[in-house]
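Content type compact mmCIF, C-alpha atoms, from the file work16.txt:
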# COMPACT_ATOMS: atom_id res chain seq x y z
CA MET A 1 61.52 29.23 -7.61
CA GLN A 2 60.33 26.09 -9.33
CA GLU A 3 58.34 27.85 -12.07
CA LEU A 4 61.41 29.79 -13.21
CA ILE A 5 63.60 26.68 -13.09
CA ASP A 6 61.04 24.78 -15.18
CA LYS A 7 60.86 27.66 -17.65
CA ILE A 8 64.66 27.74 -17.99
CA LYS A 9 64.71 23.96 -18.53
CA ARG A 10 62.03 24.23 -21.19
CA ASP A 11 62.99 27.41 -23.04
CA GLY A 12 66.58 28.22 -22.07
CA VAL A 13 69.34 27.46 -24.57
CA VAL A 14 72.91 26.76 -23.47
CA ARG A 15 75.67 28.07 -25.70
CA PRO A 16 79.40 27.54 -25.51
CA GLY A 17 81.17 29.98 -23.19
CA ASP A 18 78.71 29.56 -20.31
CA VAL A 19 76.09 31.58 -22.15
CA LEU A 20 72.47 30.85 -21.22
CA LYS A 21 70.01 32.32 -23.69
CA VAL A 22 66.70 33.10 -22.00
CA ASP A 23 65.67 35.90 -24.29
CA GLY A 24 62.40 34.16 -25.13
CA PHE A 25 60.96 35.15 -21.76
CA LEU A 26 63.46 37.11 -19.65
CA ASN A 27 65.60 39.67 -21.43
CA HIS A 28 64.41 40.31 -24.97
CA GLU A 29 60.80 39.17 -24.79
CA CYS A 30 59.41 39.67 -21.28
CA ASP A 31 56.82 37.28 -19.82
CA ILE A 32 54.92 39.80 -17.70
CA ASP A 33 52.84 37.18 -15.88
CA LEU A 34 55.97 35.27 -14.89
CA PHE A 35 57.66 38.53 -13.83
CA ASP A 36 54.67 39.27 -11.61
CA ARG A 37 55.04 35.93 -9.83
CA MET A 38 58.81 36.48 -9.55
CA GLY A 39 58.07 39.85 -7.92
CA ALA A 40 55.75 38.12 -5.45
CA GLU A 41 58.47 35.60 -4.63
CA TRP A 42 61.07 38.34 -4.02
CA ALA A 43 58.52 40.09 -1.80
CA ARG A 44 58.22 36.89 0.23
CA LEU A 45 62.01 36.46 0.44
CA PHE A 46 62.61 40.09 1.46
CA GLU A 47 59.56 40.33 3.73
CA GLY A 48 59.94 42.86 6.53
CA ARG A 49 62.72 44.82 4.85
CA PRO A 50 62.06 48.55 4.50
CA VAL A 51 62.26 49.57 0.82
CA ASP A 52 62.22 53.19 -0.36
CA LYS A 53 63.61 52.60 -3.83
CA ILE A 54 64.53 49.89 -6.26
CA LEU A 55 67.81 50.20 -8.16
CA THR A 56 68.68 48.32 -11.33
CA ILE A 57 70.77 48.76 -14.47
CA GLU A 58 69.73 49.12 -18.07
CA ALA A 59 68.53 47.39 -20.08
CA SER A 60 67.51 43.89 -19.00
CA GLY A 61 67.02 44.74 -15.32
CA ILE A 62 64.40 47.41 -15.96
CA ALA A 63 61.48 45.16 -16.82
CA LEU A 64 62.00 42.90 -13.79
CA ALA A 65 62.53 45.84 -11.44
CA CYS A 66 59.39 47.69 -12.58
CA ILE A 67 57.12 44.68 -12.20
CA ALA A 68 58.79 43.77 -8.88
CA SER A 69 58.01 47.29 -7.62
CA LEU A 70 54.30 46.39 -7.71
CA HIS A 71 55.07 43.99 -4.84
CA PHE A 72 57.10 46.50 -2.81
CA GLY A 73 54.56 49.29 -2.37
CA ARG A 74 55.15 50.61 -5.90
CA VAL A 75 58.32 52.40 -4.84
CA PRO A 76 60.18 54.32 -7.56
CA VAL A 77 62.58 52.38 -9.76
CA VAL A 78 65.92 53.99 -10.62
CA PHE A 79 67.88 52.46 -13.44
CA ALA A 80 71.59 53.16 -13.79
CA ARG A 81 72.61 54.17 -17.28
CA LYS A 82 75.58 52.79 -19.15
CA SER A 83 76.91 55.84 -20.94
CA GLN A 84 76.76 59.59 -20.62
CA GLY A 85 74.46 61.14 -23.19
CA LYS A 86 73.55 64.78 -23.65
CA ASN A 87 70.53 64.44 -21.36
CA LEU A 88 72.52 63.35 -18.30
CA ASP A 89 74.33 66.25 -16.80
CA GLY A 90 75.01 67.61 -13.33
CA ASP A 91 76.29 65.66 -10.40
CA LEU A 92 76.59 61.96 -11.01
CA TYR A 93 77.48 58.87 -9.07
CA HIS A 94 79.45 56.59 -11.32
CA ALA A 95 81.31 53.30 -11.42
CA VAL A 96 83.13 51.44 -14.16
CA VAL A 97 81.65 48.03 -14.97
CA HIS A 98 83.12 45.48 -17.32
CA SER A 99 80.57 43.72 -19.51
CA TYR A 100 81.74 40.18 -20.20
CA THR A 101 78.87 39.75 -22.64
CA HIS A 102 80.01 42.58 -24.87
CA ASP A 103 83.65 42.75 -23.66
CA VAL A 104 83.61 46.49 -23.02
CA ASP A 105 83.99 48.74 -20.00
CA ASN A 106 80.84 50.74 -19.34
CA ASN A 107 80.66 53.91 -17.33
CA VAL A 108 77.60 53.27 -15.16
CA ILE A 109 75.95 56.40 -13.85
CA VAL A 110 73.12 57.55 -11.60
CA GLU A 111 72.26 61.19 -11.04
CA ARG A 112 72.87 62.20 -7.46
CA ARG A 113 69.35 63.50 -6.89
CA MET A 114 67.91 60.03 -7.64
CA LEU A 115 69.29 58.55 -4.39
CA SER A 116 69.24 60.23 -0.98
CA LYS A 117 71.45 59.43 1.96
CA GLY A 118 69.85 56.90 4.31
CA GLU A 119 67.29 55.56 1.83
CA ASN A 120 66.62 51.81 1.86
CA VAL A 121 67.35 50.28 -1.51
CA LEU A 122 66.74 46.89 -3.08
CA ILE A 123 68.86 46.00 -6.11
CA PHE A 124 67.49 43.80 -8.89
CA ASP A 125 69.07 42.31 -11.99
CA ASP A 126 68.38 39.47 -14.38
CA PHE A 127 71.73 37.64 -14.13
CA LEU A 128 74.47 37.25 -11.55
CA ALA A 129 77.70 35.67 -12.82
CA LYS A 130 80.98 37.29 -11.80
CA GLY A 131 79.01 40.10 -10.19
CA ALA A 132 80.54 43.01 -12.10
CA ALA A 133 77.26 44.87 -12.70
CA ILE A 134 76.08 44.40 -9.11
CA ARG A 135 79.41 45.57 -7.72
CA GLY A 136 79.06 48.70 -9.87
CA LEU A 137 75.61 49.35 -8.39
CA LEU A 138 76.96 48.72 -4.89
CA GLU A 139 79.72 51.26 -5.50
CA ILE A 140 77.04 53.78 -6.50
CA CYS A 141 75.08 52.90 -3.33
CA ARG A 142 78.26 53.43 -1.28
CA GLN A 143 78.75 56.87 -2.82
CA ALA A 144 75.08 57.73 -2.21
CA GLU A 145 75.23 56.45 1.38
CA VAL A 146 72.03 54.44 0.99
CA ASN A 147 71.26 51.21 2.85
CA VAL A 148 71.31 48.16 0.60
CA GLN A 149 68.56 45.96 2.02
CA GLY A 150 69.10 43.13 -0.41
CA ILE A 151 69.92 41.99 -3.92
CA GLY A 152 67.30 40.16 -5.96
CA ILE A 153 68.55 38.11 -8.90
CA ALA A 154 66.56 36.09 -11.42
CA ILE A 155 69.27 33.64 -12.51
CA GLU A 156 72.56 33.14 -10.66
CA LYS A 157 75.40 31.20 -12.24
CA GLY A 158 76.36 29.46 -9.02
CA PHE A 159 79.54 28.07 -10.60
CA GLN A 160 80.90 31.59 -10.98
CA SER A 161 82.14 33.70 -8.11
CA GLY A 162 79.70 36.63 -7.94
CA GLY A 163 77.07 35.24 -5.58
CA HIS A 164 79.62 33.69 -3.22
CA ASP A 165 81.63 36.91 -3.05
CA LEU A 166 78.62 39.15 -2.42
CA ARG A 167 77.28 36.88 0.34
CA ALA A 168 80.76 36.78 1.91
CA MET A 169 80.64 40.60 1.95
CA GLY A 170 77.43 40.32 4.00
CA TYR A 171 74.86 41.11 1.31
CA ASP A 172 71.52 39.34 1.34
CA VAL A 173 71.40 37.88 -2.18
CA LYS A 174 68.18 36.13 -3.17
CA SER A 175 68.39 34.34 -6.51
CA LEU A 176 65.25 32.69 -7.86
CA ALA A 177 67.21 30.08 -9.83
CA ILE A 178 70.81 29.05 -9.18
CA LEU A 179 72.66 27.11 -11.85
CA LYS A 180 75.09 24.48 -10.56
CA SER A 181 76.54 23.73 -13.96
CA MET A 182 76.00 24.26 -17.66
CA ASP A 183 77.36 22.25 -20.55
CA GLY A 184 77.51 24.02 -23.89
CA GLU A 185 78.37 20.75 -25.66
CA THR A 186 75.36 18.75 -24.51
CA GLY A 187 73.07 21.70 -23.74
CA THR A 188 72.37 20.42 -20.23
CA ILE A 189 71.81 22.58 -17.14
CA GLU A 190 71.90 21.48 -13.51
CA PHE A 191 70.32 23.54 -10.75
CA GLU A 192 71.27 23.76 -7.07
CA MET B 1 46.69 63.43 -20.04
CA GLN B 2 46.49 66.25 -17.55
CA GLU B 3 48.42 64.49 -14.77
CA LEU B 4 51.41 63.93 -17.06
CA ILE B 5 51.28 67.52 -18.34
CA ASP B 6 51.19 68.82 -14.75
CA LYS B 7 54.11 66.57 -13.83
CA ILE B 8 56.17 67.82 -16.79
CA LYS B 9 55.36 71.44 -15.85
CA ARG B 10 56.41 70.81 -12.26
CA ASP B 11 59.44 68.52 -12.66
CA GLY B 12 60.56 68.80 -16.29
CA VAL B 13 63.63 70.89 -17.07
CA VAL B 14 64.12 72.51 -20.47
CA ARG B 15 67.68 72.65 -21.80
CA PRO B 16 69.04 74.37 -24.90
CA GLY B 17 68.78 72.25 -28.03
CA ASP B 18 65.13 71.28 -27.46
CA VAL B 19 66.11 68.86 -24.70
CA LEU B 20 63.44 68.17 -22.08
CA LYS B 21 64.83 66.44 -19.02
CA VAL B 22 62.17 64.31 -17.33
CA ASP B 23 64.53 61.81 -15.77
CA GLY B 24 63.14 62.47 -12.31
CA PHE B 25 60.02 60.46 -13.12
CA LEU B 26 60.09 59.10 -16.68
CA ASN B 27 63.40 57.79 -17.96
CA HIS B 28 65.97 57.46 -15.19
CA GLU B 29 63.79 57.26 -12.10
CA CYS B 30 60.44 55.68 -12.95
CA ASP B 31 57.24 56.73 -11.16
CA ILE B 32 55.47 53.37 -11.21
CA ASP B 33 52.13 54.75 -9.98
CA LEU B 34 52.12 57.38 -12.74
CA PHE B 35 53.12 54.73 -15.30
CA ASP B 36 50.17 52.63 -14.17
CA ARG B 37 47.76 55.51 -14.79
CA MET B 38 49.44 56.19 -18.16
CA GLY B 39 48.89 52.53 -19.03
CA ALA B 40 45.22 52.88 -18.13
CA GLU B 41 44.95 55.97 -20.34
CA TRP B 42 46.56 54.20 -23.31
CA ALA B 43 44.15 51.29 -22.74
CA ARG B 44 41.26 53.78 -22.98
CA LEU B 45 42.69 55.40 -26.12
CA PHE B 46 43.35 52.07 -27.87
CA GLU B 47 40.16 50.39 -26.61
CA GLY B 48 38.87 47.65 -28.89
CA ARG B 49 42.19 47.08 -30.65
CA PRO B 50 43.44 43.49 -30.64
CA VAL B 51 46.88 43.31 -29.02
CA ASP B 52 49.05 40.20 -29.05
CA LYS B 53 52.34 41.85 -28.20
CA ILE B 54 53.86 45.13 -27.15
CA LEU B 55 57.03 46.30 -28.89
CA THR B 56 59.41 48.94 -27.56
CA ILE B 57 63.10 49.83 -27.68
CA GLU B 58 65.71 49.80 -24.95
CA ALA B 59 66.22 51.37 -22.57
CA SER B 60 63.69 54.06 -21.64
CA GLY B 61 60.75 52.44 -23.37
CA ILE B 62 60.95 49.21 -21.37
CA ALA B 63 59.54 50.45 -18.07
CA LEU B 64 56.55 52.14 -19.71
CA ALA B 65 55.86 49.17 -21.96
CA CYS B 66 55.95 46.63 -19.12
CA ILE B 67 53.60 48.58 -16.88
CA ALA B 68 51.33 49.33 -19.86
CA SER B 69 51.12 45.60 -20.57
CA LEU B 70 49.18 45.20 -17.30
CA HIS B 71 46.36 47.13 -19.03
CA PHE B 72 46.46 45.11 -22.25
CA GLY B 73 45.87 41.60 -20.94
CA ARG B 74 49.50 41.25 -19.77
CA VAL B 75 50.67 40.46 -23.28
CA PRO B 76 54.42 39.82 -23.71
CA VAL B 77 56.68 42.84 -24.15
CA VAL B 78 59.45 42.62 -26.74
CA PHE B 79 62.16 45.24 -26.54
CA ALA B 80 64.38 45.90 -29.53
CA ARG B 81 68.07 45.96 -28.69
CA LYS B 82 70.50 48.57 -29.89
CA SER B 83 73.59 46.51 -30.61
CA GLN B 84 74.49 42.92 -31.35
CA GLY B 85 76.09 41.19 -28.36
CA LYS B 86 77.27 37.60 -28.08
CA ASN B 87 73.89 36.52 -26.74
CA LEU B 88 71.92 37.63 -29.78
CA ASP B 89 72.47 35.31 -32.66
CA GLY B 90 70.43 33.66 -35.33
CA ASP B 91 67.96 35.30 -37.62
CA LEU B 92 67.34 38.92 -36.82
CA TYR B 93 65.12 41.72 -37.98
CA HIS B 94 67.11 44.89 -38.01
CA ALA B 95 66.95 48.56 -38.82
CA VAL B 96 69.42 51.41 -38.52
CA VAL B 97 68.26 54.22 -36.23
CA HIS B 98 70.03 57.51 -35.70
CA SER B 99 70.06 58.68 -32.08
CA TYR B 100 69.99 62.48 -32.04
CA THR B 101 70.55 62.38 -28.27
CA HIS B 102 73.87 60.55 -28.56
CA ASP B 103 74.58 61.39 -32.22
CA VAL B 104 75.30 57.82 -33.24
CA ASP B 105 73.72 55.29 -35.60
CA ASN B 106 72.39 52.27 -33.73
CA ASN B 107 71.71 48.91 -35.27
CA VAL B 108 68.31 48.07 -33.77
CA ILE B 109 67.53 44.38 -33.71
CA VAL B 110 64.76 41.95 -32.79
CA GLU B 111 65.13 38.19 -33.07
CA ARG B 112 62.81 36.78 -35.69
CA ARG B 113 61.16 34.29 -33.35
CA MET B 114 59.93 37.16 -31.11
CA LEU B 115 57.42 38.37 -33.72
CA SER B 116 55.16 36.16 -35.80
CA LYS B 117 53.47 37.07 -39.06
CA GLY B 118 49.97 38.42 -38.51
CA GLU B 119 50.37 39.29 -34.82
CA ASN B 120 48.79 42.51 -33.58
CA VAL B 121 51.39 44.81 -32.09
CA LEU B 122 51.25 48.04 -30.11
CA ILE B 123 54.42 50.14 -30.07
CA PHE B 124 55.35 52.23 -27.02
CA ASP B 125 58.12 54.73 -26.38
CA ASP B 126 58.82 57.58 -23.99
CA PHE B 127 59.53 60.32 -26.54
CA LEU B 128 58.55 61.13 -30.11
CA ALA B 129 60.54 63.90 -31.77
CA LYS B 130 61.74 63.31 -35.33
CA GLY B 131 60.46 59.74 -35.10
CA ALA B 132 63.72 57.93 -35.90
CA ALA B 133 63.32 55.23 -33.23
CA ILE B 134 59.66 54.60 -34.08
CA ARG B 135 60.45 54.37 -37.78
CA GLY B 136 63.09 51.78 -36.93
CA LEU B 137 60.53 49.73 -35.01
CA LEU B 138 58.05 50.11 -37.89
CA GLU B 139 60.67 48.82 -40.31
CA ILE B 140 61.10 45.77 -38.05
CA CYS B 141 57.30 45.33 -37.97
CA ARG B 142 57.25 45.51 -41.79
CA GLN B 143 59.91 42.79 -42.01
CA ALA B 144 58.00 40.67 -39.47
CA GLU B 145 54.68 41.20 -41.30
CA VAL B 146 52.86 42.06 -38.07
CA ASN B 147 49.90 44.43 -37.82
CA VAL B 148 50.74 47.70 -36.09
CA GLN B 149 47.57 48.53 -34.17
CA GLY B 150 48.87 51.78 -32.76
CA ILE B 151 51.76 53.77 -31.35
CA GLY B 152 51.61 54.98 -27.74
CA ILE B 153 53.94 57.85 -26.81
CA ALA B 154 54.41 59.52 -23.44
CA ILE B 155 55.74 62.89 -24.64
CA GLU B 156 55.54 64.11 -28.23
CA LYS B 157 57.52 67.13 -29.36
CA GLY B 158 54.72 68.48 -31.54
CA PHE B 159 57.02 71.12 -33.03
CA GLN B 160 59.12 68.40 -34.63
CA SER B 161 58.03 66.31 -37.59
CA GLY B 162 57.75 62.76 -36.23
CA GLY B 163 54.13 62.72 -35.06
CA HIS B 164 52.86 64.55 -38.14
CA ASP B 165 54.73 62.23 -40.49
CA LEU B 166 53.57 59.03 -38.76
CA ARG B 167 49.92 60.15 -38.72
CA ALA B 168 50.20 61.12 -42.40
CA MET B 169 51.38 57.56 -43.06
CA GLY B 170 48.14 56.34 -41.44
CA TYR B 171 49.43 55.25 -38.05
CA ASP B 172 47.27 55.76 -34.98
CA VAL B 173 49.64 57.74 -32.72
CA LYS B 174 48.38 58.46 -29.20
CA SER B 175 50.63 60.82 -27.26
CA LEU B 176 49.74 61.54 -23.64
CA ALA B 177 51.39 64.97 -23.70
CA ILE B 178 52.16 67.01 -26.81
CA LEU B 179 54.56 69.93 -26.54
CA LYS B 180 53.72 72.92 -28.74
CA SER B 181 56.95 74.74 -27.96
CA MET B 182 59.94 74.76 -25.63
CA ASP B 183 62.26 77.62 -24.83
CA GLY B 184 65.69 76.65 -23.51
CA GLU B 185 66.43 80.29 -22.64
CA THR B 186 63.42 80.91 -20.40
CA GLY B 187 62.73 77.27 -19.48
CA THR B 188 59.09 77.56 -20.54
CA ILE B 189 57.03 74.81 -22.16
CA GLU B 190 53.71 75.17 -23.95
CA PHE B 191 51.38 72.23 -24.54
CA GLU B 192 48.88 71.64 -27.33

I'd like the structure from this file rewritten - as structure tokens, please.
Amino acid sequence: MQELIDKIKRDGVVRPGDVLKVDGFLNHECDIDLFDRMGAEWARLFEGRPVDKILTIEASGIALACIASLHFGRVPVVFARKSQGKNLDGDLYHAVVHSYTHDVDNNVIVERRMLSKGENVLIFDDFLAKGAAIRGLLEICRQAEVNVQGIGIAIEKGFQSGGHDLRAMGYDVKSLAILKSMDGETGTIEFE
Amino acid sequence: MQELIDKIKRDGVVRPGDVLKVDGFLNHECDIDLFDRMGAEWARLFEGRPVDKILTIEASGIALACIASLHFGRVPVVFARKSQGKNLDGDLYHAVVHSYTHDVDNNVIVERRMLSKGENVLIFDDFLAKGAAIRGLLEICRQAEVNVQGIGIAIEKGFQSGGHDLRAMGYDVKSLAILKSMDGETGTIEFE
């Protein structure tokens, strides 16, 4: 999606350690107009797929998923939570996900009643790198016996293994911008 | 807002310790259609107020804030983060907020460049009880020297002090449903 690529080129900041800061418009401040056009683009890419629910993971995925829902018949958005607080009880689906950003293992959970066997689910997230978060959501989908119709990603780090692995497993991954390389020294980014 | 009150009566579950579980539609699964009508109601309640940005706090506030933005000229949504990861560096506004749900102190942060002096800000969150999270966001607004035009809340626990205190401080708090009492034993809820 050219608009997103242009926005990353203009406002994204490359940091050492393959970190791309896009918090000015994607995951700290949210550009709602851009998100709306990203939702329209995902709707085009996933056209014809039945969608009963959208699944994402807190926190950065929520904003994208909710605006994307406007383009998929306003289906409910379920966001997986990263820890078990007092308010989450009862039967849970859960998976352990390693966060490379914060270097911790998170227990990712979804209450069982949020997903019903046979439902058609689209997964959305802001970033795809090694794919840890998405694999956690897929494990929850496996437990819930829902049909994963596709995976919508804003920015894929194409030089890491996540996207390749998920596509090799047969998942339909649609990333709106795929980075070919990043250089923390010079601050340059190349796109596929 | 009668629709929200009816939804809480039908789908909300009262637990001991003044916990109201509304994760079936508000803060785990998100009812996007309902959120859209809540956004319209907040737009009616805050009509005439200048709004440059919407401020909320991860994670549950994000979905409401993003859909609400559609009714306030699609202004950018900034969500405060609860811990400092590798991707958040530079100058930060911060406040310490106690989470009664998880019984921990969170360091709530917003990057300085996300809020500019003199901007008009609306704050949104899903719950208002003792007001700890909102007071954290207000402290960040004070540091940023922005104008807080109002505070939009989905569900206010009217039997706790937060709403009263904030209104006494002069803030325009608009809660779409205000609980007068909750009884964890009988599961009953009364609304104001």

Mind checking which residues fall within 6 Å of segment 109-126 of chain A, counting all atoms listed in the file, ignoring those fewer than 4 positions away in the same chain, and posting them as JSON, numbers by chain?
{"A": [51, 52, 53, 54, 55, 56, 61, 65, 80, 81, 91, 92, 93, 94, 144, 145, 146, 147, 148, 149, 150, 151, 152, 153, 154]}

Between atom CA of Met1 of chain A and atom CA of Ala43 of chain A, distance in Å (one decimal)
12.7 Å

Set the distance at 8 Å and use all atoms listed in the file: which residues neighbour Ser161 of chain B once local chain neighbours fewer than 2 positions away are removed? I'd like the list as number ranges by chain.
B: 129-131, 158-159, 163-165

Residues of chain B within 10 Å of chain A, counting only C-alpha atoms, as a ChimeraX atom specification
/B:15,17,19-33,35-36,53-55,57-67,69-70,73-81,83-89,100-103,110-111,113-115

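Minimum atom-to-atom distances from A:Ile189, A:Val97, A:Leu179, A:Ala68 to Ile134 of chain A were compared using only C-alpha atoms, and the lowest value belongs to A:Val97.
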
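Every protein or nucleic acid residue with an atom no more than 12 Å from Arg44 of chain A, counting all atoms listed in the file and leaving out same-chain residues fewer than 5 positions away, appears here: Met1, Arg37, Met38, Gly39, Arg49, Ala68, His71, Phe72, Gly152, Lys174 and Leu176 of chain A.
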
Distance in Å - atom CA of Phe127 of chain A versus atom CA of Ile155 of chain A
5.0 Å

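Using all atoms listed in the file, the protein and nucleic acid residues lying no more than 9 Å from His98 of chain B, apart from those fewer than 5 places from it along its own chain, are Asp103, Val104, Asp105, Asn106, Asn107, Ala132 and Ala133 of chain B.
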
Kindly give the distance, in Å, that separates atom CA of Asp11 of chain B and atom CA of Ser99 of chain B, rounded to a single decimal.
24.2 Å

Non-local contacts of Thr188 of chain A (10 Å; only C-alpha atoms; under 3 positions in same chain excluded) as JSON, numbers by chain
{"A": [9, 12, 13, 14, 15, 181, 182, 183, 184, 185]}

Mind completing segment 47-60 of chain A with N, CA, C and O atoms? Output as a PDB file, in the coordinates of the input, please?
ATOM      1  N   GLU A  47      60.642  39.840   2.864  1.00  0.00           N
ATOM      2  CA  GLU A  47      59.560  40.330   3.730  1.00  0.00           C
ATOM      3  C   GLU A  47      60.116  41.012   4.980  1.00  0.00           C
ATOM      4  O   GLU A  47      61.068  40.514   5.608  1.00  0.00           O
ATOM      5  N   GLY A  48      59.526  42.144   5.327  1.00  0.00           N
ATOM      6  CA  GLY A  48      59.940  42.860   6.530  1.00  0.00           C
ATOM      7  C   GLY A  48      61.027  43.886   6.309  1.00  0.00           C
ATOM      8  O   GLY A  48      61.277  44.720   7.177  1.00  0.00           O
ATOM      9  N   ARG A  49      61.682  43.833   5.138  1.00  0.00           N
ATOM     10  CA  ARG A  49      62.720  44.820   4.850  1.00  0.00           C
ATOM     11  C   ARG A  49      62.084  46.143   4.429  1.00  0.00           C
ATOM     12  O   ARG A  49      61.185  46.141   3.582  1.00  0.00           O
ATOM     13  N   PRO A  50      62.546  47.262   4.989  1.00  0.00           N
ATOM     14  CA  PRO A  50      62.060  48.550   4.500  1.00  0.00           C
ATOM     15  C   PRO A  50      62.636  48.824   3.107  1.00  0.00           C
ATOM     16  O   PRO A  50      63.815  48.545   2.864  1.00  0.00           O
ATOM     17  N   VAL A  51      61.813  49.291   2.192  1.00  0.00           N
ATOM     18  CA  VAL A  51      62.260  49.570   0.820  1.00  0.00           C
ATOM     19  C   VAL A  51      61.723  50.931   0.391  1.00  0.00           C
ATOM     20  O   VAL A  51      60.508  51.126   0.290  1.00  0.00           O
ATOM     21  N   ASP A  52      62.619  51.870   0.149  1.00  0.00           N
ATOM     22  CA  ASP A  52      62.220  53.190  -0.360  1.00  0.00           C
ATOM     23  C   ASP A  52      62.370  53.274  -1.869  1.00  0.00           C
ATOM     24  O   ASP A  52      61.644  54.000  -2.533  1.00  0.00           O
ATOM     25  N   LYS A  53      63.350  52.541  -2.388  1.00  0.00           N
ATOM     26  CA  LYS A  53      63.610  52.600  -3.830  1.00  0.00           C
ATOM     27  C   LYS A  53      64.169  51.288  -4.324  1.00  0.00           C
ATOM     28  O   LYS A  53      64.788  50.530  -3.563  1.00  0.00           O
ATOM     29  N   ILE A  54      63.926  51.033  -5.593  1.00  0.00           N
ATOM     30  CA  ILE A  54      64.530  49.890  -6.260  1.00  0.00           C
ATOM     31  C   ILE A  54      65.566  50.427  -7.246  1.00  0.00           C
ATOM     32  O   ILE A  54      65.302  51.400  -7.952  1.00  0.00           O
ATOM     33  N   LEU A  55      66.731  49.785  -7.255  1.00  0.00           N
ATOM     34  CA  LEU A  55      67.810  50.200  -8.160  1.00  0.00           C
ATOM     35  C   LEU A  55      68.135  49.031  -9.090  1.00  0.00           C
ATOM     36  O   LEU A  55      68.241  47.878  -8.662  1.00  0.00           O
ATOM     37  N   THR A  56      68.277  49.338 -10.370  1.00  0.00           N
ATOM     38  CA  THR A  56      68.680  48.320 -11.330  1.00  0.00           C
ATOM     39  C   THR A  56      69.555  48.976 -12.387  1.00  0.00           C
ATOM     40  O   THR A  56      69.946  50.136 -12.241  1.00  0.00           O
ATOM     41  N   ILE A  57      69.891  48.236 -13.422  1.00  0.00           N
ATOM     42  CA  ILE A  57      70.770  48.760 -14.470  1.00  0.00           C
ATOM     43  C   ILE A  57      70.175  48.419 -15.820  1.00  0.00           C
ATOM     44  O   ILE A  57      69.602  47.344 -15.998  1.00  0.00           O
ATOM     45  N   GLU A  58      70.274  49.383 -16.747  1.00  0.00           N
ATOM     46  CA  GLU A  58      69.730  49.120 -18.070  1.00  0.00           C
ATOM     47  C   GLU A  58      70.523  48.024 -18.756  1.00  0.00           C
ATOM     48  O   GLU A  58      71.691  47.849 -18.451  1.00  0.00           O
ATOM     49  N   ALA A  59      69.910  47.287 -19.686  1.00  0.00           N
ATOM     50  CA  ALA A  59      68.530  47.390 -20.080  1.00  0.00           C
ATOM     51  C   ALA A  59      67.717  46.252 -19.461  1.00  0.00           C
ATOM     52  O   ALA A  59      66.580  46.452 -19.063  1.00  0.00           O
ATOM     53  N   SER A  60      68.302  45.069 -19.349  1.00  0.00           N
ATOM     54  CA  SER A  60      67.510  43.890 -19.000  1.00  0.00           C
ATOM     55  C   SER A  60      66.917  43.952 -17.596  1.00  0.00           C
ATOM     56  O   SER A  60      65.899  43.335 -17.316  1.00  0.00           O
TER      57      SER A  60
END
